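Engineer: This is the structure I have questions about; it appears just below.
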Amino acid sequence: MLSLLLLLACAPKSTGDDTSTTCNETNESCTSGTCDGEGGEMLPGANCLACHGAAGAGKEEGEDGGTFTAAGTAFADLDGTAPLVDATVRITDAGGAVVTLTTNSVGNFYTSQPLTFPIDAEVEVNGTVQAMGSSVSDGGCNSCHACAGSAGGKLTGP
């Protein structure tokens, strides 16, 4: 049997040199103008809503990226060294609306679609689904699933 690890962020910081696709604890404390990277592939493991939430700097006119209602990073391993690419992330809001997202080349996913909180979330890879254990009232997935925090779960699949 194949064990599949799904993470909505990452576990302890990688000791590797490539921080462009790995969890990097310095990403978690960046503020507007201090973060490296651009676009949808920036800052894997960081709380995207810190800058791209309703009160974040990404909302300001002229800023790239805009405002997200939910965003995060999925990694395929507990060390946060391998991005989970092309996984399906499904978010179901309190009104029953479902937003389906696909993780990109660094495992990031994000949406600006309106959501009614609380929300439920799940990640699917090759037919294997890992669902959150409870509803949450914050769309900043990496605000809880942080580099130095509890990151996700382990699935056993075909």
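Convention: chains lettered A, B, ... in structure tokens order; per-chain residue numbering from 1; ligands numbered from 1 as shown.
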Need the shell around Ser135 of chain A: protein/DNA/RNA residues with any atom at most 7 Å away, counting only C-alpha atoms. Skip same-chain ones fewer than 5 positions apart. Format as a list in words?
Structural biologist: Pro118, Ile119 and Asp120 of chain A
Engineer: With C-alpha atoms retained, write the just-selected residues as a short mmCIF file (atom, residue, chain, number, x, y, z; two decimals), in the first residue's frame.
Structural biologist:
```cif
data_model
loop_
_atom_site.label_atom_id
_atom_site.label_comp_id
_atom_site.auth_asym_id
_atom_site.auth_seq_id
_atom_site.Cartn_x
_atom_site.Cartn_y
_atom_site.Cartn_z
CA PRO A 118 -17.45 28.85 8.58
CA ILE A 119 -15.97 26.74 5.79
CA ASP A 120 -14.97 23.11 5.37
#
```
Engineer: When you look at segment 91-103 of chain A with a cut-off of 7 Å (counting only C-alpha atoms), what residues show up, excluding the ones that are within fewer than 4 positions of it in the same chain? I need them as a ChimeraX atom specification.
Structural biologist: /A:84-87,107-109,115-122
Engineer: May I have the selected residues written with C-alpha atoms, as a compact mmCIF listing (two decimals), in the first residue's frame?
Structural biologist:
```
# COMPACT_ATOMS: atom_id res chain seq x y z
CA LEU A 84 1.85 18.90 -3.72
CA VAL A 85 1.31 19.81 -7.38
CA ASP A 86 -2.02 19.48 -9.22
CA ALA A 87 -3.96 18.40 -6.13
CA GLY A 107 1.61 23.75 -3.87
CA ASN A 108 -0.14 27.11 -3.45
CA PHE A 109 -3.89 27.55 -3.91
CA LEU A 115 -17.30 32.64 0.99
CA THR A 116 -19.76 32.44 3.87
CA PHE A 117 -17.94 31.28 6.99
CA PRO A 118 -17.45 28.85 8.58
CA ILE A 119 -15.97 26.74 5.79
CA ASP A 120 -14.97 23.11 5.37
CA ALA A 121 -11.97 22.06 3.29
CA GLU A 122 -10.53 18.90 1.77
```
Engineer: Considering only C-alpha atoms, return as a list of chain:residue names whatever protein or nucleic-acid residues lie within 7 Å of Cys48 of chain A, sequence-local ones (same chain, fewer than 6 positions apart) excluded.
Structural biologist: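 Once the adjacent positions are removed, what remains is A:Ala71, A:Gly72, A:Gly140.
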Engineer: Can you tell me, as a list in words, what residues are no more than 8 Å from Ser112 of chain A when counting only C-alpha atoms, ignoring any on the same chain fewer than 5 positions away?
Structural biologist: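 Near neighbours after the sequence-gap exclusion: Thr67, Phe68, Thr69 and Ala70 of chain A.
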Engineer: Counting only C-alpha atoms, which of A:Pro114, A:Gly39, A:Gly127, A:Gly139 gets nearest to Thr88 of chain A?
Structural biologist: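 Checking each candidate against Thr88 of chain A, we get A:Gly127 as the closest.
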Engineer: Report, in Å to a single decimal, how far apart atom CA of Leu49 of chain A and atom CA of Ser143 of chain A are.
Structural biologist: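 Calculated distance between atom CA of Ser143 of chain A and atom CA of Leu49 of chain A is 8.3 Å.
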Engineer: How would you write, as a ChimeraX atom specification, the set of residues in segment 46-129 of chain A that DSSP gives as strand (DSSP E or B)?
Structural biologist: /A:70-73,75,83,88-93,98-102,108-111,119-125,128-129
Engineer: Next, the residues of the selection above should be written as a tab-separated table (two decimals), in the first residue's frame with N, CA and C atoms.
Structural biologist:
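Writing done, so here's again-v3.tsv:
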```tsv
chain	number	residue	atom	x	y	z
A	70	ALA	N	-9.71	32.75	0.69
A	70	ALA	CA	-9.07	31.56	1.24
A	70	ALA	C	-7.81	31.27	0.42
A	71	ALA	N	-6.76	30.82	1.12
A	71	ALA	CA	-5.50	30.53	0.43
A	71	ALA	C	-4.61	29.71	1.35
A	72	GLY	N	-3.69	28.95	0.74
A	72	GLY	CA	-2.75	28.16	1.52
A	72	GLY	C	-1.77	27.43	0.62
A	73	THR	N	-1.04	26.49	1.23
A	73	THR	CA	-0.05	25.69	0.53
A	73	THR	C	-0.23	24.24	0.93
A	75	PHE	N	1.77	20.51	0.83
A	75	PHE	CA	3.03	19.81	0.61
A	75	PHE	C	2.76	18.31	0.64
A	83	PRO	N	6.44	20.16	-2.87
A	83	PRO	CA	5.11	20.73	-3.08
A	83	PRO	C	4.14	19.68	-3.61
A	88	THR	N	-6.35	18.62	-5.89
A	88	THR	CA	-7.63	19.33	-5.87
A	88	THR	C	-7.94	19.75	-4.45
A	89	VAL	N	-8.21	21.03	-4.24
A	89	VAL	CA	-8.63	21.56	-2.95
A	89	VAL	C	-10.07	22.00	-3.11
A	90	ARG	N	-10.97	21.45	-2.27
A	90	ARG	CA	-12.37	21.82	-2.29
A	90	ARG	C	-12.73	22.53	-1.00
A	91	ILE	N	-13.34	23.68	-1.15
A	91	ILE	CA	-13.80	24.46	0.00
A	91	ILE	C	-15.31	24.56	-0.12
A	92	THR	N	-16.01	24.18	0.95
A	92	THR	CA	-17.47	24.28	1.00
A	92	THR	C	-17.82	25.29	2.08
A	93	ASP	N	-18.57	26.31	1.68
A	93	ASP	CA	-18.90	27.35	2.66
A	93	ASP	C	-20.20	27.03	3.38
A	98	VAL	N	-19.54	25.49	-3.27
A	98	VAL	CA	-18.28	24.75	-3.33
A	98	VAL	C	-17.34	25.46	-4.29
A	99	VAL	N	-16.12	25.70	-3.82
A	99	VAL	CA	-15.06	26.28	-4.65
A	99	VAL	C	-14.01	25.20	-4.83
A	100	THR	N	-13.71	24.87	-6.08
A	100	THR	CA	-12.71	23.84	-6.37
A	100	THR	C	-11.47	24.51	-6.95
A	101	LEU	N	-10.33	24.23	-6.33
A	101	LEU	CA	-9.06	24.83	-6.72
A	101	LEU	C	-8.05	23.74	-7.04
A	102	THR	N	-7.00	24.08	-7.78
A	102	THR	CA	-5.91	23.16	-8.08
A	102	THR	C	-4.61	23.78	-7.60
A	108	ASN	N	0.76	26.04	-3.88
A	108	ASN	CA	-0.14	27.11	-3.45
A	108	ASN	C	-1.51	26.99	-4.11
A	109	PHE	N	-2.53	27.44	-3.39
A	109	PHE	CA	-3.89	27.55	-3.91
A	109	PHE	C	-4.53	28.78	-3.29
A	110	TYR	N	-5.44	29.42	-4.01
A	110	TYR	CA	-6.07	30.64	-3.52
A	110	TYR	C	-7.31	30.95	-4.32
A	111	THR	N	-8.24	31.69	-3.68
A	111	THR	CA	-9.46	32.10	-4.34
A	111	THR	C	-9.90	33.47	-3.82
A	119	ILE	N	-16.18	27.55	6.98
A	119	ILE	CA	-15.97	26.74	5.79
A	119	ILE	C	-15.40	25.38	6.16
A	120	ASP	N	-15.60	24.42	5.27
A	120	ASP	CA	-14.97	23.11	5.37
A	120	ASP	C	-14.02	22.98	4.19
A	121	ALA	N	-12.94	22.22	4.36
A	121	ALA	CA	-11.97	22.06	3.29
A	121	ALA	C	-11.49	20.62	3.21
A	122	GLU	N	-11.12	20.22	1.99
A	122	GLU	CA	-10.53	18.90	1.77
A	122	GLU	C	-9.57	18.98	0.61
A	123	VAL	N	-8.59	18.06	0.62
A	123	VAL	CA	-7.60	17.95	-0.45
A	123	VAL	C	-7.73	16.55	-1.03
A	124	GLU	N	-7.73	16.47	-2.37
A	124	GLU	CA	-7.83	15.17	-3.04
A	124	GLU	C	-6.66	14.98	-3.99
A	125	VAL	N	-6.05	13.80	-3.92
A	125	VAL	CA	-4.98	13.41	-4.83
A	125	VAL	C	-5.25	11.98	-5.29
A	128	THR	N	-7.83	9.94	-3.48
A	128	THR	CA	-7.73	9.86	-2.03
A	128	THR	C	-7.99	11.25	-1.46
A	129	VAL	N	-8.90	11.33	-0.49
A	129	VAL	CA	-9.33	12.61	0.06
A	129	VAL	C	-8.92	12.73	1.52
```
Engineer: Can you measure atom CA of Gly40 of chain A to atom CA of Asn104 of chain A for me? One decimal in Å is fine.
Structural biologist: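 Computed distance, atom CA of Gly40 of chain A to atom CA of Asn104 of chain A, equals 7.8 Å.
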